[in-house]
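**Q** Contents of upload_17.pdb (PDB, C-alpha atoms, pLDDT in the B column):
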```pdb
ATOM      1  CA  MET K 127       4.197  -8.044 -49.266  1.00 81.00           C
ATOM      2  CA  GLU K 128       5.799  -5.202 -51.184  1.00 89.00           C
ATOM      3  CA  LEU K 129       6.218  -2.100 -49.005  1.00 92.00           C
ATOM      4  CA  THR K 130       5.458   1.272 -50.548  1.00 92.00           C
ATOM      5  CA  ALA K 131       7.349   4.455 -49.683  1.00 92.00           C
ATOM      6  CA  LYS K 132       4.344   5.495 -47.548  1.00 92.00           C
ATOM      7  CA  ASP K 133       4.438   2.128 -45.742  1.00 93.00           C
ATOM      8  CA  VAL K 134       8.113   2.676 -44.917  1.00 93.00           C
ATOM      9  CA  GLU K 135       7.353   6.184 -43.656  1.00 92.00           C
ATOM     10  CA  ILE K 136       4.492   4.886 -41.479  1.00 91.00           C
ATOM     11  CA  LEU K 137       6.644   2.075 -40.092  1.00 92.00           C
ATOM     12  CA  ARG K 138       9.521   4.437 -39.296  1.00 90.00           C
ATOM     13  CA  LEU K 139       7.203   6.737 -37.337  1.00 89.00           C
ATOM     14  CA  LEU K 140       5.615   3.828 -35.477  1.00 90.00           C
ATOM     15  CA  GLN K 141       9.020   2.315 -34.632  1.00 88.00           C
ATOM     16  CA  ASP K 142      10.244   5.627 -33.280  1.00 83.00           C
ATOM     17  CA  GLY K 143       7.521   5.477 -30.622  1.00 78.00           C
ATOM     18  CA  ASN K 144       5.643   8.359 -32.158  1.00 71.00           C
ATOM     19  CA  GLU K 145       3.043   9.486 -29.611  1.00 71.00           C
ATOM     20  CA  ASP K 146       1.156  11.727 -32.042  1.00 74.00           C
ATOM     21  CA  SER K 147      -2.572  11.230 -32.421  1.00 80.00           C
ATOM     22  CA  ARG K 148      -3.768   9.249 -35.411  1.00 81.00           C
ATOM     23  CA  GLN K 149      -4.761  12.524 -37.090  1.00 85.00           C
ATOM     24  CA  LYS K 150      -1.304  14.112 -36.595  1.00 88.00           C
ATOM     25  CA  LEU K 151       0.397  10.921 -37.757  1.00 88.00           C
ATOM     26  CA  ALA K 152      -1.822  10.907 -40.872  1.00 90.00           C
ATOM     27  CA  GLU K 153      -0.896  14.539 -41.586  1.00 90.00           C
ATOM     28  CA  ARG K 154       2.815  13.715 -41.252  1.00 90.00           C
ATOM     29  CA  VAL K 155       2.569  10.985 -43.892  1.00 91.00           C
ATOM     30  CA  GLY K 156       0.158  12.951 -46.101  1.00 93.00           C
ATOM     31  CA  MET K 157      -2.998  10.831 -45.917  1.00 92.00           C
ATOM     32  CA  SER K 158      -6.338  10.825 -44.185  1.00 93.00           C
ATOM     33  CA  SER K 159      -6.710   9.360 -40.719  1.00 92.00           C
ATOM     34  CA  THR K 160      -9.036   6.652 -42.072  1.00 93.00           C
ATOM     35  CA  THR K 161      -6.605   5.670 -44.841  1.00 93.00           C
ATOM     36  CA  LEU K 162      -3.711   5.585 -42.376  1.00 92.00           C
ATOM     37  CA  TRP K 163      -5.629   3.385 -39.923  1.00 92.00           C
ATOM     38  CA  ARG K 164      -6.688   1.028 -42.726  1.00 94.00           C
ATOM     39  CA  ARG K 165      -3.072   0.743 -43.923  1.00 94.00           C
ATOM     40  CA  ILE K 166      -1.787   0.054 -40.392  1.00 93.00           C
ATOM     41  CA  ASN K 167      -4.411  -2.695 -40.038  1.00 93.00           C
ATOM     42  CA  GLU K 168      -3.335  -4.167 -43.396  1.00 95.00           C
ATOM     43  CA  LEU K 169       0.313  -4.151 -42.280  1.00 95.00           C
ATOM     44  CA  GLU K 170      -0.727  -5.944 -39.077  1.00 95.00           C
ATOM     45  CA  ALA K 171      -2.815  -8.505 -40.985  1.00 96.00           C
ATOM     46  CA  ALA K 172       0.150  -9.186 -43.303  1.00 96.00           C
ATOM     47  CA  GLY K 173       2.403  -9.760 -40.276  1.00 95.00           C
ATOM     48  CA  VAL K 174       4.673  -6.781 -41.040  1.00 96.00           C
ATOM     49  CA  ILE K 175       3.609  -5.229 -37.734  1.00 95.00           C
ATOM     50  CA  ARG K 176       3.786  -8.121 -35.287  1.00 93.00           C
ATOM     51  CA  GLN K 177       2.700  -6.318 -32.157  1.00 89.00           C
ATOM     52  CA  ARG K 178       2.374  -2.868 -30.621  1.00 85.00           C
ATOM     53  CA  VAL K 179       3.992  -2.615 -27.202  1.00 85.00           C
ATOM     54  CA  ALA K 180       5.274  -0.240 -24.549  1.00 85.00           C
ATOM     55  CA  LEU K 181       9.030  -0.468 -23.963  1.00 88.00           C
ATOM     56  CA  LEU K 182       9.920  -0.439 -20.286  1.00 91.00           C
ATOM     57  CA  ASP K 183      13.156   0.614 -18.604  1.00 94.00           C
ATOM     58  CA  ALA K 184      14.496  -2.660 -17.148  1.00 95.00           C
ATOM     59  CA  GLU K 185      16.500  -0.950 -14.406  1.00 95.00           C
ATOM     60  CA  LYS K 186      13.566   1.187 -13.251  1.00 95.00           C
ATOM     61  CA  ILE K 187      11.341  -1.868 -12.876  1.00 95.00           C
ATOM     62  CA  GLY K 188      13.933  -3.788 -10.863  1.00 97.00           C
ATOM     63  CA  LEU K 189      15.704  -5.896 -13.508  1.00 97.00           C
ATOM     64  CA  PRO K 190      19.132  -4.235 -13.741  1.00 97.00           C
ATOM     65  CA  VAL K 191      21.218  -7.344 -14.483  1.00 98.00           C
ATOM     66  CA  SER K 192      21.587  -8.286 -18.139  1.00 98.00           C
ATOM     67  CA  VAL K 193      23.235 -11.632 -18.861  1.00 98.00           C
ATOM     68  CA  PHE K 194      24.159 -13.512 -22.017  1.00 98.00           C
ATOM     69  CA  VAL K 195      24.088 -17.289 -21.656  1.00 98.00           C
ATOM     70  CA  PHE K 196      25.679 -19.663 -24.150  1.00 98.00           C
ATOM     71  CA  VAL K 197      23.996 -23.073 -24.104  1.00 98.00           C
ATOM     72  CA  ASN K 198      25.024 -26.413 -25.581  1.00 98.00           C
ATOM     73  CA  LEU K 199      22.568 -29.275 -25.832  1.00 98.00           C
ATOM     74  CA  LYS K 200      23.302 -32.926 -25.041  1.00 98.00           C
ATOM     75  CA  ASN K 201      22.138 -34.002 -28.497  1.00 97.00           C
ATOM     76  CA  TYR K 202      20.372 -32.623 -31.545  1.00 95.00           C
ATOM     77  CA  HIS K 203      17.258 -34.786 -31.525  1.00 98.00           C
ATOM     78  CA  VAL K 204      14.082 -32.938 -32.476  1.00 98.00           C
ATOM     79  CA  GLU K 205      12.546 -33.730 -29.079  1.00 98.00           C
ATOM     80  CA  THR K 206      15.537 -32.251 -27.232  1.00 98.00           C
ATOM     81  CA  ARG K 207      15.463 -29.030 -29.253  1.00 98.00           C
ATOM     82  CA  GLU K 208      11.688 -28.664 -28.953  1.00 98.00           C
ATOM     83  CA  ALA K 209      11.770 -29.259 -25.187  1.00 98.00           C
ATOM     84  CA  PHE K 210      14.506 -26.658 -24.740  1.00 98.00           C
ATOM     85  CA  GLU K 211      12.740 -24.107 -26.944  1.00 98.00           C
ATOM     86  CA  THR K 212       9.495 -24.647 -24.993  1.00 98.00           C
ATOM     87  CA  PHE K 213      11.426 -24.048 -21.760  1.00 98.00           C
ATOM     88  CA  VAL K 214      12.775 -20.814 -23.263  1.00 98.00           C
ATOM     89  CA  GLU K 215       9.292 -19.650 -24.310  1.00 98.00           C
ATOM     90  CA  GLU K 216       7.930 -20.295 -20.817  1.00 98.00           C
ATOM     91  CA  SER K 217      10.779 -18.544 -18.963  1.00 98.00           C
ATOM     92  CA  GLY K 218      10.043 -14.871 -18.335  1.00 96.00           C
ATOM     93  CA  GLN K 219      13.659 -13.999 -17.519  1.00 97.00           C
ATOM     94  CA  ILE K 220      14.757 -15.033 -21.017  1.00 98.00           C
ATOM     95  CA  MET K 221      14.244 -12.013 -23.242  1.00 97.00           C
ATOM     96  CA  GLU K 222      15.806 -13.347 -26.431  1.00 98.00           C
ATOM     97  CA  CYS K 223      16.962 -16.707 -27.741  1.00 98.00           C
ATOM     98  CA  TYR K 224      18.907 -17.484 -30.890  1.00 98.00           C
ATOM     99  CA  SER K 225      20.063 -20.802 -32.292  1.00 98.00           C
ATOM    100  CA  VAL K 226      23.475 -20.055 -33.745  1.00 98.00           C
ATOM    101  CA  THR K 227      26.357 -21.514 -35.688  1.00 97.00           C
ATOM    102  CA  GLY K 228      29.741 -22.200 -34.132  1.00 96.00           C
ATOM    103  CA  ALA K 229      30.740 -23.661 -30.782  1.00 95.00           C
ATOM    104  CA  THR K 230      27.448 -22.775 -29.060  1.00 98.00           C
ATOM    105  CA  ASP K 231      23.987 -24.109 -29.878  1.00 98.00           C
ATOM    106  CA  TYR K 232      21.937 -21.245 -28.382  1.00 98.00           C
ATOM    107  CA  ILE K 233      22.557 -17.735 -27.109  1.00 98.00           C
ATOM    108  CA  LEU K 234      20.098 -16.399 -24.529  1.00 98.00           C
ATOM    109  CA  GLN K 235      19.731 -12.874 -23.226  1.00 98.00           C
ATOM    110  CA  LEU K 236      18.256 -12.658 -19.724  1.00 98.00           C
ATOM    111  CA  ARG K 237      17.123  -9.883 -17.397  1.00 98.00           C
ATOM    112  CA  CYS K 238      17.340 -10.525 -13.644  1.00 98.00           C
ATOM    113  CA  LYS K 239      16.883  -8.716 -10.320  1.00 98.00           C
ATOM    114  CA  SER K 240      20.407  -9.530  -9.141  1.00 98.00           C
ATOM    115  CA  VAL K 241      23.437 -11.689  -9.831  1.00 98.00           C
ATOM    116  CA  ARG K 242      22.167 -14.071  -7.141  1.00 98.00           C
ATOM    117  CA  ASP K 243      18.804 -14.266  -8.943  1.00 98.00           C
ATOM    118  CA  PHE K 244      20.673 -15.125 -12.157  1.00 98.00           C
ATOM    119  CA  GLU K 245      22.802 -17.739 -10.369  1.00 98.00           C
ATOM    120  CA  THR K 246      19.657 -19.443  -9.065  1.00 98.00           C
ATOM    121  CA  PHE K 247      18.050 -19.433 -12.523  1.00 98.00           C
ATOM    122  CA  LEU K 248      21.230 -20.794 -14.114  1.00 98.00           C
ATOM    123  CA  MET K 249      21.818 -23.544 -11.548  1.00 98.00           C
ATOM    124  CA  GLU K 250      18.224 -24.606 -10.913  1.00 98.00           C
ATOM    125  CA  ARG K 251      16.574 -24.083 -14.280  1.00 98.00           C
ATOM    126  CA  ILE K 252      19.016 -23.928 -17.193  1.00 98.00           C
ATOM    127  CA  LEU K 253      21.610 -26.436 -16.023  1.00 98.00           C
ATOM    128  CA  MET K 254      18.938 -28.752 -14.610  1.00 98.00           C
ATOM    129  CA  HIS K 255      17.101 -28.895 -17.931  1.00 98.00           C
ATOM    130  CA  PRO K 256      17.396 -32.491 -19.205  1.00 98.00           C
ATOM    131  CA  GLY K 257      18.485 -31.397 -22.687  1.00 98.00           C
ATOM    132  CA  VAL K 258      21.266 -29.052 -21.588  1.00 98.00           C
ATOM    133  CA  GLU K 259      24.844 -30.333 -21.656  1.00 98.00           C
ATOM    134  CA  SER K 260      26.561 -27.115 -20.574  1.00 98.00           C
ATOM    135  CA  ALA K 261      26.161 -23.364 -20.271  1.00 98.00           C
ATOM    136  CA  SER K 262      28.489 -20.430 -19.820  1.00 98.00           C
ATOM    137  CA  SER K 263      27.574 -16.813 -19.251  1.00 98.00           C
ATOM    138  CA  GLN K 264      28.718 -13.236 -19.471  1.00 98.00           C
ATOM    139  CA  ILE K 265      27.203 -10.465 -17.374  1.00 98.00           C
ATOM    140  CA  SER K 266      26.802  -7.171 -19.178  1.00 98.00           C
ATOM    141  CA  LEU K 267      28.582  -4.281 -17.476  1.00 97.00           C
ATOM    142  CA  ARG K 268      26.786  -1.535 -19.390  1.00 95.00           C
ATOM    143  CA  GLN K 269      24.473  -1.240 -22.371  1.00 94.00           C
ATOM    144  CA  HIS K 270      25.839   1.147 -24.984  1.00 95.00           C
ATOM    145  CA  LYS K 271      23.075   0.824 -27.553  1.00 94.00           C
ATOM    146  CA  TYR K 272      19.584  -0.581 -27.537  1.00 91.00           C
ATOM    147  CA  THR K 273      16.929  -0.210 -30.176  1.00 89.00           C
ATOM    148  CA  THR K 274      13.940  -2.121 -31.405  1.00 89.00           C
ATOM    149  CA  ALA K 275      13.729  -0.109 -34.631  1.00 89.00           C
ATOM    150  CA  LEU K 276      14.674  -2.098 -37.718  1.00 90.00           C
ATOM    151  CA  PRO K 277      16.684  -0.275 -40.411  1.00 92.00           C
ATOM    152  CA  ILE K 278      13.958  -0.211 -43.072  1.00 88.00           C
ATOM    153  CA  GLY K 279      13.913   1.660 -46.372  1.00 74.00           C
TER     154      GLY K 279
END
```
Could you write out this file's structure as structure tokens?

**A**
Amino acid sequence: MELTAKDVEILRLLQDGNEDSRQKLAERVGMSSTTLWRRINELEAAGVIRQRVALLDAEKIGLPVSVFVFVNLKNYHVETREAFETFVEESGQIMECYSVTGATDYILQLRCKSVRDFETFLMERILMHPGVESASSQISLRQHKYTTALPIG
């Protein structure tokens, strides 16, 4: 799908968490409310807008510990990878998962209640997974930047 300049403007406003009413948002991009809503629905149908969500403050909801886990699998069989990726999808603590190049097979980003909570998850879930050979981790001391807005346009 080719994005127009108006599409980029709409997407920027939506990514910025714009709380304006549909009418005010339409005025800001110079179109009618109906046209704006139709275009947003088209962008959703095309998969450009995957989902509309509320972003929560992890610390304020009791998940202050952010951890990066580097996982290596025992082998690279399709079944092993699929089983691990299913485990990742079903694990609420795992916020992000990337298969990567280099010395590590996967990088996970987790949110936990405490270091002890992370230790339990690591020892009883990640390291006990039949496809996992090894895992190492780094606990984040402080987050210096966080955004969900993609640099479009």

**Q** Looking at only C-alpha atoms, which of K:His255, K:Arg176, K:Arg237, K:Lys132 is the one that sits closest to Val195 in chain K?

**A** K:Arg237

**Q** Which residues are close to Leu129 in chain K, i.e. within 10 Å by all atoms listed in the file, leaving aside same-chain residues fewer than 6 positions away? Reply as a list in words.

**A** Glu135, Leu137, Leu169, Val174, Ile278 and Gly279 of chain K

**Q** Can you write out the residues you just picked, keeping C-alpha atoms, as a short mmCIF file (atom, residue, chain, number, x, y, z; two decimals), in the frame of the given file?

**A**
```cif
data_model
loop_
_atom_site.label_atom_id
_atom_site.label_comp_id
_atom_site.auth_asym_id
_atom_site.auth_seq_id
_atom_site.Cartn_x
_atom_site.Cartn_y
_atom_site.Cartn_z
CA GLU K 135 7.35 6.18 -43.66
CA LEU K 137 6.64 2.08 -40.09
CA LEU K 169 0.31 -4.15 -42.28
CA VAL K 174 4.67 -6.78 -41.04
CA ILE K 278 13.96 -0.21 -43.07
CA GLY K 279 13.91 1.66 -46.37
#
```

**Q** Find, counting all atoms listed in the file, the residue in K:Phe213, K:Gln219, K:Met127, K:Leu139 that gets nearest to Asp243 in chain K.

**A**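 So, comparing all the options, the nearest one is K:Gln219.
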
**Q** When you draw a straight line from CA of Phe194 in chain K to CA of Arg178 in chain K, how long is it in Å?

**A**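 Here the two named atoms are 25.7 Å from each other.
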
**Q** List the spatial neighbours of Ala229 in chain K as a ChimeraX atom specification - criterion: any atom at most 12 Å away, only C-alpha atoms, same-chain residues fewer than 5 positions off excluded.

**A** /K:196-199,260-262

**Q** Please dump the current selection as a short mmCIF file (atom, residue, chain, number, x, y, z; two decimals), keeping the file's coordinate frame; keep C-alpha atoms.

**A**
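Written output follows (selection-v3.cif):
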```cif
data_model
loop_
_atom_site.label_atom_id
_atom_site.label_comp_id
_atom_site.auth_asym_id
_atom_site.auth_seq_id
_atom_site.Cartn_x
_atom_site.Cartn_y
_atom_site.Cartn_z
CA PHE K 196 25.68 -19.66 -24.15
CA VAL K 197 24.00 -23.07 -24.10
CA ASN K 198 25.02 -26.41 -25.58
CA LEU K 199 22.57 -29.28 -25.83
CA SER K 260 26.56 -27.12 -20.57
CA ALA K 261 26.16 -23.36 -20.27
CA SER K 262 28.49 -20.43 -19.82
#
```

**Q** Excluding Trp163 in chain K and residues on its chain fewer than 5 positions from it, collect all residues at most 10 Å away from it, counting all atoms listed in the file, and give them as a PDB file with C-alpha atoms, keeping the file's coordinate frame.

**A**
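Saved file part16.pdb follows:
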```pdb
ATOM      1  CA  ARG K 148      -3.768   9.249 -35.411  1.00 81.00           C
ATOM      2  CA  GLN K 149      -4.761  12.524 -37.090  1.00 85.00           C
ATOM      3  CA  LEU K 151       0.397  10.921 -37.757  1.00 88.00           C
ATOM      4  CA  ALA K 152      -1.822  10.907 -40.872  1.00 90.00           C
ATOM      5  CA  MET K 157      -2.998  10.831 -45.917  1.00 92.00           C
ATOM      6  CA  SER K 158      -6.338  10.825 -44.185  1.00 93.00           C
ATOM      7  CA  GLU K 168      -3.335  -4.167 -43.396  1.00 95.00           C
ATOM      8  CA  LEU K 169       0.313  -4.151 -42.280  1.00 95.00           C
TER       9      LEU K 169
END
```

**Q** Can you find the residues with an atom no farther than 9 Å from (2.7, 4.6, -28.0), counting only C-alpha atoms, and report them as a PyMOL selection string?

**A** chain K and resi 140+143-146+178-180

**Q** My list of candidates is K:Cys223, K:Ile265, K:Cys238, K:Val204. Which is closest to Gly188 in chain K when distances are computed with all atoms listed in the file?

**A**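 Of the candidates, the smallest distance to Gly188 in chain K is held by K:Cys238.
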
**Q** From (-0.1, 3.6, -38.4), in the file's coordinates, out to 6 Å: which residues are reached, counting all atoms listed in the file? Answer as JSON, numbers by chain.

**A** {"K": [136, 162, 163, 166]}

**Q** Name the residues that the PyMOL selection byres ((chain K and resi 185) around 12) pulls out of this structure, and write them as a short mmCIF file (atom, residue, chain, number, x, y, z; two decimals) with C-alpha atoms, in the coordinates of the input.

**A**
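Output file selection36.cif is given in full below:
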```cif
data_model
loop_
_atom_site.label_atom_id
_atom_site.label_comp_id
_atom_site.auth_asym_id
_atom_site.auth_seq_id
_atom_site.Cartn_x
_atom_site.Cartn_y
_atom_site.Cartn_z
CA LEU K 182 9.92 -0.44 -20.29
CA ASP K 183 13.16 0.61 -18.60
CA ALA K 184 14.50 -2.66 -17.15
CA LYS K 186 13.57 1.19 -13.25
CA ILE K 187 11.34 -1.87 -12.88
CA GLY K 188 13.93 -3.79 -10.86
CA LEU K 189 15.70 -5.90 -13.51
CA PRO K 190 19.13 -4.24 -13.74
CA VAL K 191 21.22 -7.34 -14.48
CA SER K 192 21.59 -8.29 -18.14
CA ARG K 237 17.12 -9.88 -17.40
CA CYS K 238 17.34 -10.52 -13.64
CA LYS K 239 16.88 -8.72 -10.32
CA SER K 240 20.41 -9.53 -9.14
CA ARG K 268 26.79 -1.54 -19.39
CA GLN K 269 24.47 -1.24 -22.37
#
```

**Q** Give the answer as one residue: which of K:Pro277, K:Gly218, K:Thr206, K:His270 has the shortest atom-to-atom distance to Val134 in chain K, using all atoms listed in the file?

**A** K:Pro277

**Q** Quote the spacing between CA of Thr130 in chain K and CA of Arg165 in chain K in Å to one decimal place.

**A** 10.8 Å

**Q** Once the PyMOL selection byres ((chain K and resi 211) around 12) has been evaluated on this model, what residues remain selected, and can you format them as a list of chain:residue names?

**A** K:Val197, K:Leu199, K:Val204, K:Glu205, K:Thr206, K:Arg207, K:Glu208, K:Ala209, K:Phe210, K:Thr212, K:Phe213, K:Val214, K:Glu215, K:Glu216, K:Ser217, K:Ile220, K:Glu222, K:Cys223, K:Tyr224, K:Ser225, K:Asp231, K:Tyr232, K:Ile233, K:Leu234, K:Ile252, K:His255, K:Gly257, K:Val258

**Q** To one decimal place in Å, what is the distance between CA of Leu276 in chain K and CA of Thr160 in chain K?

**A**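 CA of Thr160 in chain K lies 25.6 Å from CA of Leu276 in chain K.
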
**Q** Rank K:Ala172, K:Leu181, K:Glu259, K:Phe244 by their smallest atom-to-atom distance to Thr274 in chain K, using all atoms listed in the file, and report the top residue only.

**A**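 So, comparing all the options, the nearest one is K:Leu181.
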
**Q** Between K:Ser159, K:Gln177, K:Thr246, K:Gln235, which residue has the minimum interatomic distance to Ser266 in chain K, considering only C-alpha atoms?

**A**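 For Ser266 in chain K, the nearest of the given residues is K:Gln235.
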